[in-house]
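**Q** Got my_file-v4.txt for you, compact mmCIF, C-alpha atoms:
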```txt
# COMPACT_ATOMS: atom_id res chain seq x y z
CA MET A 1 -2.04 3.60 -32.99
CA LYS A 2 1.64 2.93 -32.37
CA THR A 3 3.70 -0.24 -32.14
CA ILE A 4 5.77 -0.96 -29.03
CA LYS A 5 9.52 -1.08 -29.63
CA GLY A 6 11.58 -4.08 -28.59
CA PRO A 7 12.84 -6.30 -27.34
CA SER A 8 15.21 -4.40 -25.06
CA ILE A 9 17.06 -5.86 -22.07
CA HIS A 10 17.84 -4.29 -18.70
CA LEU A 11 21.51 -4.97 -17.99
CA ALA A 12 21.49 -4.54 -14.20
CA GLN A 13 20.97 -8.24 -13.46
CA PHE A 14 23.46 -9.39 -16.14
CA SER A 15 26.46 -7.12 -15.63
CA ASP A 16 29.24 -9.16 -14.00
CA ALA A 17 32.99 -9.44 -13.57
CA ARG A 18 33.07 -12.42 -15.93
CA LYS A 19 33.01 -12.32 -19.73
CA PRO A 20 31.00 -11.44 -21.73
CA PHE A 21 29.23 -9.39 -19.07
CA ASP A 22 32.11 -7.19 -17.92
CA THR A 23 32.21 -4.54 -20.66
CA LEU A 24 29.57 -2.73 -22.70
CA ALA A 25 30.98 -3.97 -26.00
CA ALA A 26 31.03 -7.60 -24.89
CA ILE A 27 27.59 -7.60 -23.31
CA ALA A 28 26.20 -5.80 -26.35
CA GLY A 29 27.51 -8.54 -28.61
CA TRP A 30 25.94 -11.18 -26.37
CA ALA A 31 22.56 -9.39 -26.32
CA SER A 32 22.57 -8.89 -30.07
CA GLU A 33 23.16 -12.59 -30.68
CA LEU A 34 20.11 -13.36 -28.53
CA GLY A 35 17.91 -11.12 -30.69
CA PHE A 36 17.61 -7.99 -28.59
CA GLU A 37 17.36 -4.64 -30.34
CA ALA A 38 18.26 -2.31 -27.47
CA LEU A 39 20.03 -2.12 -24.12
CA GLN A 40 18.67 -0.43 -21.02
CA ILE A 41 21.81 0.72 -19.23
CA PRO A 42 22.13 1.11 -15.43
CA ALA A 43 23.74 4.54 -14.99
CA TRP A 44 25.42 3.48 -11.73
CA ASP A 45 27.46 0.61 -13.22
CA ARG A 46 30.91 1.98 -14.07
CA ARG A 47 31.87 -1.25 -15.82
CA LEU A 48 29.41 -0.35 -18.55
CA PHE A 49 28.87 3.40 -18.42
CA ASP A 50 30.33 6.58 -16.92
CA VAL A 51 27.36 8.84 -16.24
CA ALA A 52 29.45 11.88 -15.31
CA GLU A 53 31.43 11.74 -18.54
CA ALA A 54 28.27 11.11 -20.55
CA ALA A 55 26.63 14.20 -19.05
CA GLU A 56 29.46 16.45 -20.21
CA SER A 57 30.82 14.81 -23.36
CA GLN A 58 28.87 14.37 -26.58
CA THR A 59 31.90 12.55 -27.97
CA TYR A 60 31.65 9.94 -25.24
CA CYS A 61 27.91 9.49 -25.86
CA ASP A 62 28.53 9.12 -29.59
CA GLU A 63 31.12 6.44 -28.79
CA ILE A 64 28.58 4.58 -26.65
CA ALA A 65 26.01 4.77 -29.44
CA GLY A 66 28.65 3.60 -31.92
CA ILE A 67 29.58 0.55 -29.86
CA LEU A 68 25.95 -0.50 -29.87
CA ALA A 69 25.31 0.41 -33.50
CA GLU A 70 28.16 -1.87 -34.61
CA ARG A 71 26.17 -4.71 -33.06
CA GLY A 72 22.77 -3.64 -34.39
CA LEU A 73 21.62 -2.11 -31.09
CA VAL A 74 20.58 1.21 -29.59
CA VAL A 75 20.19 2.50 -26.04
CA SER A 76 16.54 2.24 -25.00
CA GLU A 77 16.87 4.16 -21.71
CA LEU A 78 19.18 4.80 -18.80
CA THR A 79 18.10 3.69 -15.33
CA THR A 80 19.02 5.35 -12.03
CA HIS A 81 17.44 3.03 -9.48
CA ILE A 82 20.41 2.88 -7.10
CA PHE A 83 20.72 6.66 -7.12
CA GLY A 84 16.98 7.04 -6.58
CA GLN A 85 17.12 4.66 -3.64
CA LEU A 86 19.60 7.01 -1.96
CA VAL A 87 17.53 10.15 -2.42
CA ALA A 88 15.42 9.15 0.59
CA VAL A 89 16.62 6.55 3.11
CA HIS A 90 15.03 5.72 6.44
CA PRO A 91 17.69 5.42 9.19
CA ALA A 92 16.87 1.71 9.57
CA TYR A 93 18.41 1.16 6.14
CA ASP A 94 21.40 3.48 6.48
CA ALA A 95 24.03 0.78 6.90
CA MET A 96 22.80 -1.27 3.95
CA CYS A 97 22.33 1.70 1.62
CA ASP A 98 25.73 3.17 2.49
CA ALA A 99 27.32 0.49 0.31
CA PHE A 100 25.76 2.16 -2.75
CA ALA A 101 27.52 5.47 -2.07
CA PRO A 102 31.17 6.52 -2.44
CA GLU A 103 33.23 5.71 0.62
CA ARG A 104 33.91 9.38 1.37
CA ILE A 105 30.25 10.11 2.18
CA ARG A 106 29.24 6.90 3.92
CA GLY A 107 27.73 7.58 7.30
CA ASN A 108 26.56 11.03 6.18
CA ALA A 109 22.90 10.73 5.17
CA ALA A 110 22.57 14.33 3.95
CA ALA A 111 25.70 14.13 1.78
CA ARG A 112 24.63 10.75 0.42
CA SER A 113 21.22 12.08 -0.63
CA GLU A 114 22.73 15.19 -2.23
CA TRP A 115 25.23 13.05 -4.14
CA ALA A 116 22.42 10.80 -5.41
CA GLN A 117 20.31 13.76 -6.50
CA GLN A 118 23.21 15.17 -8.48
CA ARG A 119 23.87 11.80 -10.14
CA ILE A 120 20.27 11.60 -11.34
CA LYS A 121 20.57 15.10 -12.79
CA LEU A 122 23.74 14.00 -14.59
CA ALA A 123 21.85 11.01 -15.95
CA ALA A 124 19.17 13.34 -17.30
CA LYS A 125 21.84 15.30 -19.18
CA ALA A 126 23.40 12.08 -20.43
CA SER A 127 19.99 10.86 -21.60
CA ARG A 128 19.53 14.02 -23.64
CA ARG A 129 22.96 13.61 -25.25
CA LEU A 130 22.04 10.02 -26.14
CA GLY A 131 18.81 11.18 -27.78
CA LEU A 132 16.56 9.47 -25.22
CA THR A 133 13.21 10.63 -23.86
CA ALA A 134 12.69 8.59 -20.66
CA MET A 135 14.68 7.41 -17.65
CA GLY A 136 13.82 4.92 -14.88
CA THR A 137 14.34 5.24 -11.13
CA PHE A 138 13.19 4.38 -7.60
CA SER A 139 11.68 6.96 -5.26
CA GLY A 140 13.54 5.97 -2.12
CA SER A 141 11.64 5.62 1.15
CA PHE A 142 11.06 7.31 4.47
CA LEU A 143 7.92 5.35 5.32
CA TRP A 144 8.46 1.69 4.48
CA PRO A 145 9.07 0.56 8.09
CA TYR A 146 5.57 1.87 8.82
CA PHE A 147 3.67 0.39 5.88
CA PHE A 148 1.58 -1.80 8.18
CA PRO A 149 0.07 0.50 10.80
CA PHE A 150 0.71 -1.08 14.19
CA PRO A 151 1.27 0.64 16.44
CA GLN A 152 -0.83 3.08 14.51
CA ARG A 153 1.10 5.69 12.58
CA PRO A 154 1.29 9.07 14.35
CA GLU A 155 -0.98 11.66 12.78
CA GLY A 156 0.86 13.59 10.11
CA LEU A 157 3.65 11.04 9.63
CA VAL A 158 2.70 10.15 6.04
CA GLU A 159 2.13 13.76 5.10
CA ALA A 160 5.49 14.85 6.49
CA ALA A 161 7.30 12.07 4.64
CA PHE A 162 5.73 12.89 1.29
CA ASP A 163 6.30 16.61 1.79
CA GLU A 164 10.01 15.90 2.17
CA LEU A 165 10.01 13.39 -0.68
CA ALA A 166 8.48 16.02 -2.96
CA ARG A 167 10.97 18.64 -1.78
CA ARG A 168 13.86 16.40 -2.80
CA TRP A 169 12.41 15.19 -6.08
CA ARG A 170 10.97 18.45 -7.44
CA PRO A 171 14.35 19.90 -8.48
CA ILE A 172 15.25 16.59 -10.11
CA LEU A 173 11.99 16.59 -12.07
CA ASP A 174 12.70 20.17 -13.14
CA ALA A 175 16.18 19.15 -14.30
CA CYS A 176 14.64 16.28 -16.27
CA ASP A 177 12.21 18.74 -17.85
CA GLU A 178 15.08 21.01 -18.89
CA ASN A 179 16.59 18.03 -20.69
CA GLY A 180 13.35 16.73 -22.20
CA ILE A 181 13.37 13.53 -20.15
CA ASP A 182 10.42 11.81 -18.48
CA LEU A 183 11.38 10.45 -15.05
CA CYS A 184 9.65 7.10 -14.64
CA TYR A 185 9.31 5.76 -11.10
CA GLU A 186 9.26 2.00 -10.80
CA LEU A 187 6.46 1.35 -8.31
CA HIS A 188 8.09 -1.21 -6.10
CA PRO A 189 7.58 -2.68 -2.61
CA SER A 190 10.04 -1.10 -0.15
CA GLU A 191 9.76 2.24 -1.98
CA ASP A 192 7.45 5.02 -0.84
CA LEU A 193 6.04 4.93 -4.38
CA HIS A 194 4.85 1.33 -4.60
CA ASP A 195 1.31 1.53 -6.01
CA GLY A 196 -1.12 3.92 -7.67
CA VAL A 197 -2.25 5.60 -4.46
CA SER A 198 1.28 6.40 -3.28
CA PHE A 199 2.21 7.66 -6.76
CA GLU A 200 -0.79 10.00 -6.69
CA ILE A 201 0.26 11.40 -3.31
CA LEU A 202 3.63 12.48 -4.69
CA LEU A 203 2.14 13.62 -7.99
CA ALA A 204 -0.17 16.01 -6.16
CA ARG A 205 2.75 17.43 -4.18
CA VAL A 206 4.76 18.15 -7.33
CA ASP A 207 1.71 19.84 -8.90
CA GLY A 208 1.14 17.13 -11.47
CA HIS A 209 4.62 17.63 -12.91
CA ARG A 210 4.58 16.51 -16.54
CA ARG A 211 7.88 14.65 -16.12
CA CYS A 212 6.59 12.61 -13.16
CA GLN A 213 5.86 9.30 -14.89
CA ILE A 214 5.65 5.56 -14.21
CA LEU A 215 7.82 2.59 -15.08
CA TYR A 216 5.18 -0.14 -15.39
CA ASP A 217 6.29 -3.53 -14.05
CA PRO A 218 3.34 -5.91 -13.50
CA SER A 219 5.41 -8.39 -11.48
CA HIS A 220 5.45 -6.04 -8.48
CA PHE A 221 1.69 -5.72 -8.67
CA VAL A 222 1.18 -9.50 -8.65
CA LEU A 223 3.17 -9.72 -5.42
CA GLN A 224 0.94 -6.98 -3.95
CA GLN A 225 -2.24 -8.57 -5.40
CA LEU A 226 -3.02 -5.34 -7.25
CA LYS A 227 -5.06 -5.54 -10.48
CA TYR A 228 -2.31 -4.86 -12.99
CA LEU A 229 -4.58 -4.63 -16.05
CA ASP A 230 -6.88 -2.11 -14.41
CA PHE A 231 -3.76 -0.14 -13.50
CA ILE A 232 -3.06 0.44 -17.21
CA ASP A 233 -6.60 1.72 -17.75
CA ILE A 234 -6.20 4.18 -14.88
CA TYR A 235 -2.63 5.40 -15.40
CA HIS A 236 -1.86 4.87 -19.10
CA ASP A 237 -1.28 8.61 -19.59
CA ARG A 238 1.58 8.41 -17.07
CA ILE A 239 3.22 5.15 -18.18
CA GLY A 240 6.51 6.05 -19.83
CA MET A 241 8.51 2.81 -19.50
CA PHE A 242 7.72 -0.90 -19.39
CA HIS A 243 9.60 -3.76 -17.71
CA VAL A 244 8.52 -7.17 -18.95
CA LYS A 245 8.98 -9.41 -15.91
CA ASP A 246 6.88 -12.40 -14.89
CA ALA A 247 5.76 -13.44 -11.41
CA GLU A 248 3.49 -15.84 -9.58
CA PHE A 249 1.52 -15.74 -6.35
CA ASN A 250 0.71 -19.07 -4.69
CA PRO A 251 -0.53 -18.48 -1.13
CA THR A 252 -0.70 -21.38 1.30
CA GLY A 253 -2.07 -22.00 4.75
CA ARG A 254 1.29 -20.85 6.11
CA GLN A 255 2.15 -17.69 4.13
CA GLY A 256 0.79 -15.04 1.80
CA VAL A 257 1.83 -11.58 0.61
CA TYR A 258 4.41 -11.00 3.34
CA GLY A 259 6.28 -14.24 2.75
CA GLY A 260 7.22 -15.18 6.31
CA TYR A 261 10.82 -13.94 5.89
CA ARG A 262 11.51 -16.88 3.58
CA PRO A 263 14.09 -16.78 0.74
CA TRP A 264 12.69 -16.05 -2.71
CA ILE A 265 12.44 -19.68 -3.76
CA GLU A 266 10.18 -20.46 -0.77
CA ARG A 267 7.91 -17.42 -0.92
CA ALA A 268 4.27 -17.42 -2.02
CA GLY A 269 5.06 -14.50 -4.32
CA ARG A 270 8.04 -15.13 -6.61
CA PHE A 271 9.54 -13.53 -9.71
CA ARG A 272 9.80 -15.89 -12.68
CA SER A 273 11.27 -15.90 -16.17
CA LEU A 274 8.96 -14.80 -18.94
CA GLY A 275 6.28 -17.37 -19.66
CA ASP A 276 6.88 -19.32 -16.44
CA GLY A 277 4.68 -17.16 -14.20
CA GLN A 278 1.04 -16.14 -14.06
CA ILE A 279 0.98 -12.72 -15.72
CA ASP A 280 -1.35 -12.25 -18.68
CA PHE A 281 1.10 -10.55 -21.03
CA ARG A 282 -1.14 -10.87 -24.08
CA SER A 283 -3.67 -8.61 -22.38
CA ILE A 284 -0.94 -6.23 -21.19
CA PHE A 285 0.54 -5.83 -24.68
CA SER A 286 -2.98 -5.38 -26.08
CA LYS A 287 -3.82 -2.63 -23.60
CA LEU A 288 -0.54 -0.81 -24.16
CA ALA A 289 -1.15 -0.94 -27.92
CA GLN A 290 -4.70 0.32 -27.38
CA TYR A 291 -3.37 3.31 -25.44
CA ASP A 292 -0.63 4.13 -27.99
CA PHE A 293 2.35 3.27 -25.78
CA ASP A 294 5.31 3.50 -28.14
CA GLY A 295 8.17 3.00 -25.68
CA TRP A 296 10.36 -0.06 -25.29
CA ALA A 297 9.35 -3.48 -24.00
CA THR A 298 12.35 -4.29 -21.81
CA LEU A 299 13.14 -7.67 -20.33
CA GLU A 300 14.05 -7.60 -16.65
CA TRP A 301 15.19 -10.99 -15.42
CA GLU A 302 14.84 -11.84 -11.72
CA CYS A 303 13.80 -15.49 -11.72
CA CYS A 304 14.48 -17.52 -8.57
CA LEU A 305 14.70 -20.79 -10.51
CA LYS A 306 15.88 -20.49 -14.12
CA ASP A 307 19.40 -19.66 -15.27
CA SER A 308 19.72 -16.01 -16.29
CA GLU A 309 21.14 -16.71 -19.75
CA ASP A 310 18.29 -19.10 -20.52
CA GLY A 311 15.84 -16.49 -19.25
CA ALA A 312 17.38 -13.85 -21.51
CA ARG A 313 17.35 -16.05 -24.60
CA GLU A 314 13.74 -17.10 -24.07
CA GLY A 315 12.75 -13.57 -23.06
CA ALA A 316 13.82 -11.98 -26.34
CA ALA A 317 11.62 -14.38 -28.29
CA PHE A 318 8.78 -13.99 -25.79
CA ILE A 319 8.68 -10.21 -26.17
CA ARG A 320 8.88 -10.41 -29.94
CA ASP A 321 6.03 -12.95 -30.04
CA HIS A 322 3.83 -10.75 -27.83
CA THR A 323 4.49 -7.43 -29.58
CA ILE A 324 1.45 -6.31 -31.53
CA ARG A 325 2.20 -4.65 -34.86
CA VAL A 326 -0.78 -2.34 -34.88
CA THR A 327 -3.07 -2.25 -37.86
CA GLU A 328 -3.19 0.71 -40.21
CA LYS A 329 -6.75 0.03 -41.32
CA ILE A 330 -10.09 -0.99 -39.86
CA PHE A 331 -11.13 -4.58 -40.61
CA ASP A 332 -14.51 -3.59 -42.12
CA ASP A 333 -13.18 -0.81 -44.36
CA PHE A 334 -14.05 -2.93 -47.38
CA ALA A 335 -17.75 -2.42 -46.65
CA GLY A 336 -17.57 1.34 -46.24
CA THR A 337 -19.74 3.56 -48.43
CA PRO A 338 -18.73 7.22 -48.96
CA LEU A 339 -21.76 9.49 -48.86
CA SER A 340 -22.38 13.13 -49.58
CA ALA A 341 -23.60 15.37 -46.80
CA ALA A 342 -27.03 15.49 -48.43
CA ARG A 343 -27.28 11.72 -48.68
CA THR A 344 -26.20 11.33 -45.06
CA LYS A 345 -29.02 13.64 -43.96
CA ALA A 346 -31.46 11.73 -46.12
CA ILE A 347 -30.55 8.44 -44.45
CA LEU A 348 -31.24 10.02 -41.05
CA GLY A 349 -34.47 11.62 -42.20
CA ILE A 350 -33.07 15.10 -41.68
CA SER A 351 -34.24 17.76 -44.08
```
Rewrite the structure from the file as structure tokens, please.
**A**
Amino acid sequence: MKTIKGPSIHLAQFSDARKPFDTLAAIAGWASELGFEALQIPAWDRRLFDVAEAAESQTYCDEIAGILAERGLVVSELTTHIFGQLVAVHPAYDAMCDAFAPERIRGNAAARSEWAQQRIKLAAKASRRLGLTAMGTFSGSFLWPYFFPFPQRPEGLVEAAFDELARRWRPILDACDENGIDLCYELHPSEDLHDGVSFEILLARVDGHRRCQILYDPSHFVLQQLKYLDFIDIYHDRIGMFHVKDAEFNPTGRQGVYGGYRPWIERAGRFRSLGDGQIDFRSIFSKLAQYDFDGWATLEWECCLKDSEDGAREGAAFIRDHTIRVTEKIFDDFAGTPLSAARTKAILGIS
């Protein structure tokens, strides 16, 4: 068995214009002081990382690694969620998603998607130069406005959407394969890949592509009321990344899964800092150890109540306390008795 690596921290929710969150060196120093061992870097955040330069320059990647090494850190993975979101965008979300793209291609859905696809391919190259093996992303969505079928979805709508989703993602998966990188989709509400069933639909359309993997985040499953422990039993062979994020679900007589359009703090389903929610992380870490997951346990902070810096400080300790250093021996080895083949047959009454 293998021991999970960590704690790592996803920087997307911490990067900011204020110190020490405005440069990679400064935020690395902050994370190191809190006890983190690795940084998960959002490839879209130019304050921290230039993905185009990293794809082409080994010198630049060595400089990034050196900045972290000086502070006792490494890069755990790159993430490409914002790029992935732009690969497939339903027209209802065009205006909001345009803000993620360069100004020159805003209003041009085809150009925006092509730009995003190329950025993910650059991130795959950058990941290889950094010596990484996995990368996180979102799938984007054509279908989310139709997730609840009323009026009923036209026949063939789902199939057409996933056919196009596969057409756009297959070349990206191939590019990841060329660079030795697993592409791990975070299964997330509002994405076409949001649960096991939707992941399987795409997986079938890309012929079970070996680089088509999962970023496991149990918090999104709590909000969907999906059995997140059973999910590990079913999909452990495809889990390539792990976000450690807590959540709670407290339905009332007024609201449930859909939340009634309320702000996060008033919803039945809410993200919480580690240890403040309802997720059984001891069982999750046990199952991942059982199935030999040897990737990083990465804190993602999205609490609607607690201060982010408090959440980060507590989260590093939480992950370390839950990491299982797997045993190298069986507990009853002391009672073992080596036997010859003949003696073994004699015990069984075999001549």
**Q** For the interface of region 319-351 of chain A with region 297-314 of chain A (cut-off 10 Å, counting only C-alpha atoms), please tabulate each contacting residue of region 319-351 of chain A alongside its nearest pair of atoms and their separation in Å to one decimal, rows sorted by chain and increasing number, as a Markdown table.
**A**
```
| residue | atom | partner | partner_atom | distance |
| --- | --- | --- | --- | --- |
| A:Ile319 | CA | A:Ala297 | CA | 7.1 |
| A:Arg320 | CA | A:Ala297 | CA | 9.1 |
| A:His322 | CA | A:Ala297 | CA | 9.9 |
| A:Thr323 | CA | A:Ala297 | CA | 8.4 |
```
**Q** Could you tell me how far CA of His236 (chain A) lies from CA of Tyr216 (chain A), in Å and to one decimal?
**A**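 We find that CA of His236 (chain A) and CA of Tyr216 (chain A) lie 9.4 Å from each other.
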**Q** Pick out the closest residue to Gln290 (chain A) from this set: A:Thr252, A:Ser219, A:Thr327, A:Thr137. Count only C-alpha atoms.
**A**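 Of A:Thr252, A:Ser219, A:Thr327, A:Thr137, the one nearest Gln290 (chain A) is A:Thr327, counting only C-alpha atoms.
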**Q** Padding of 6 Å on every side, edges along x, y and z, all listed atoms of region 264-282 of chain A included: what centre and edge lengths in Å, to one decimal, does that box have, as AutoDock Vina command-line options?
**A**
```
--center_x 5.7 --center_y -15.5 --center_z -12.4 --size_x 26.0 --size_y 21.9 --size_z 35.3
```
**Q** Find the residue from A:Ala55, A:Ala175, A:Leu73, A:Ile324 that sits nearest to Glu33 (chain A); use all atoms listed in the file when measuring.
**A**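 The closest residue to Glu33 (chain A) is A:Leu73.
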**Q** Enter the distance from CA of Lys245 (chain A) to CA of Leu86 (chain A), in Å, rounded to one decimal.
**A** 24.0 Å
**Q** Please provide the set of residues having any atom within 8 Å of Asp276 (chain A), restricted to all atoms listed in the file, with same-chain residues fewer than 4 positions apart removed, written as a PyMOL selection string.
**A** chain A and resi 246-247+272
**Q** Please write the residues from the selection above to a file, keeping C-alpha atoms, as a PDB file, keeping the file's coordinate frame.
**A**
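Result saved to out_28.pdb:
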```pdb
ATOM      1  CA  ASP A 246       6.880 -12.400 -14.890  1.00  0.00           C
ATOM      2  CA  ALA A 247       5.760 -13.440 -11.410  1.00  0.00           C
ATOM      3  CA  ARG A 272       9.800 -15.890 -12.680  1.00  0.00           C
TER       4      ARG A 272
END
```
**Q** Under the rule that all atoms listed in the file are counted, which of A:Arg129, A:Arg211, A:His10, A:Lys345 is the nearest residue to Pro42 (chain A)?
**A** A:His10
**Q** Counting only C-alpha atoms, note down every residue that has an atom within 9 Å of the point (11.8, 9.4, -21.9) (file coordinates), as a VMD selection string.
**A** chain A and resid 77 127 132 to 136 180 to 184 211 240 to 241 295
**Q** Extract, using all atoms listed in the file, all DNA, RNA and protein residues at most 12 Å from Met96 (chain A), discarding same-chain residues fewer than 6 positions from it, and format them as a list in words.
**A**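 The residues that qualify are Gln85, Leu86, Val89, His90, Arg106 and Gly107 of chain A.
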**Q** Find the residues around Arg267 (chain A) up to 9 Å (all atoms listed in the file counted), leave out those fewer than 6 positions away in its own chain, and share them as a short mmCIF file (atom, residue, chain, number, x, y, z; two decimals) with C-alpha atoms, in the coordinates of the input.
**A**
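Below is the file that was written, selection_0.cif:
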```
data_model
loop_
_atom_site.label_atom_id
_atom_site.label_comp_id
_atom_site.auth_asym_id
_atom_site.auth_seq_id
_atom_site.Cartn_x
_atom_site.Cartn_y
_atom_site.Cartn_z
CA PHE A 249 1.52 -15.74 -6.35
CA ASN A 250 0.71 -19.07 -4.69
CA PRO A 251 -0.53 -18.48 -1.13
CA GLN A 255 2.15 -17.69 4.13
CA GLY A 256 0.79 -15.04 1.80
CA VAL A 257 1.83 -11.58 0.61
CA TYR A 258 4.41 -11.00 3.34
CA GLY A 259 6.28 -14.24 2.75
CA GLY A 260 7.22 -15.18 6.31
CA TYR A 261 10.82 -13.94 5.89
#
```
**Q** So what do you get for CA of Leu157 (chain A) versus CA of Asp207 (chain A), distance-wise?
**A**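 CA of Leu157 (chain A) sits 20.6 Å away from CA of Asp207 (chain A).
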**Q** Determine, counting all atoms listed in the file, which protein, DNA and RNA residues have an atom within 8 Å of an atom of Ala43 (chain A); residues of the same chain fewer than 6 positions away are not included. Present the result as a list in words.
**A**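 Contacts, in chain order: Phe49, Asp50, Val51, Leu78, Thr79, Thr80 and Ala123 of chain A.
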**Q** Which one is closest to Asp163 (chain A): A:Lys227, A:Arg205, A:Lys2, A:Arg343? Count all atoms listed in the file.
**A** A:Arg205
**Q** A:Phe83, A:Gly196, A:Gly275, A:Asp237: which is nearest Asp292 (chain A), counting all atoms listed in the file?
**A** A:Asp237
**Q** Give the answer as one residue: which of A:Leu274, A:Ile82, A:Ala317, A:Ile265 has the shortest atom-to-atom distance to Asp98 (chain A), using all atoms listed in the file?
**A**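 Result for the nearest residue to Asp98 (chain A): A:Ile82.
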**Q** Do a neighbour search on Glu248 (chain A) at 8 Å with all atoms listed in the file, toss out local chain neighbours closer than 3 positions, and write the hits as a compact mmCIF listing (two decimals) with C-alpha atoms, in the frame of the given file.
**A**
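What ended up in result31.txt:
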```txt
# COMPACT_ATOMS: atom_id res chain seq x y z
CA SER A 219 5.41 -8.39 -11.48
CA VAL A 222 1.18 -9.50 -8.65
CA LEU A 223 3.17 -9.72 -5.42
CA ALA A 268 4.27 -17.42 -2.02
CA GLY A 269 5.06 -14.50 -4.32
CA ARG A 270 8.04 -15.13 -6.61
CA PHE A 271 9.54 -13.53 -9.71
CA ARG A 272 9.80 -15.89 -12.68
CA GLY A 277 4.68 -17.16 -14.20
CA GLN A 278 1.04 -16.14 -14.06
CA ILE A 279 0.98 -12.72 -15.72
```
**Q** May I have the residues at most 9 Å from (-0.3, 4.0, -8.8) in the file's coordinates, counting all atoms listed in the file, as a PDB file with C-alpha atoms, keeping the file's coordinate frame?
**A**
```
ATOM      1  CA  LEU A 187       6.460   1.350  -8.310  1.00  0.00           C
ATOM      2  CA  LEU A 193       6.040   4.930  -4.380  1.00  0.00           C
ATOM      3  CA  HIS A 194       4.850   1.330  -4.600  1.00  0.00           C
ATOM      4  CA  ASP A 195       1.310   1.530  -6.010  1.00  0.00           C
ATOM      5  CA  GLY A 196      -1.120   3.920  -7.670  1.00  0.00           C
ATOM      6  CA  VAL A 197      -2.250   5.600  -4.460  1.00  0.00           C
ATOM      7  CA  SER A 198       1.280   6.400  -3.280  1.00  0.00           C
ATOM      8  CA  PHE A 199       2.210   7.660  -6.760  1.00  0.00           C
ATOM      9  CA  GLU A 200      -0.790  10.000  -6.690  1.00  0.00           C
ATOM     10  CA  ILE A 214       5.650   5.560 -14.210  1.00  0.00           C
ATOM     11  CA  PHE A 231      -3.760  -0.140 -13.500  1.00  0.00           C
ATOM     12  CA  ILE A 234      -6.200   4.180 -14.880  1.00  0.00           C
ATOM     13  CA  TYR A 235      -2.630   5.400 -15.400  1.00  0.00           C
TER      14      TYR A 235
END
```
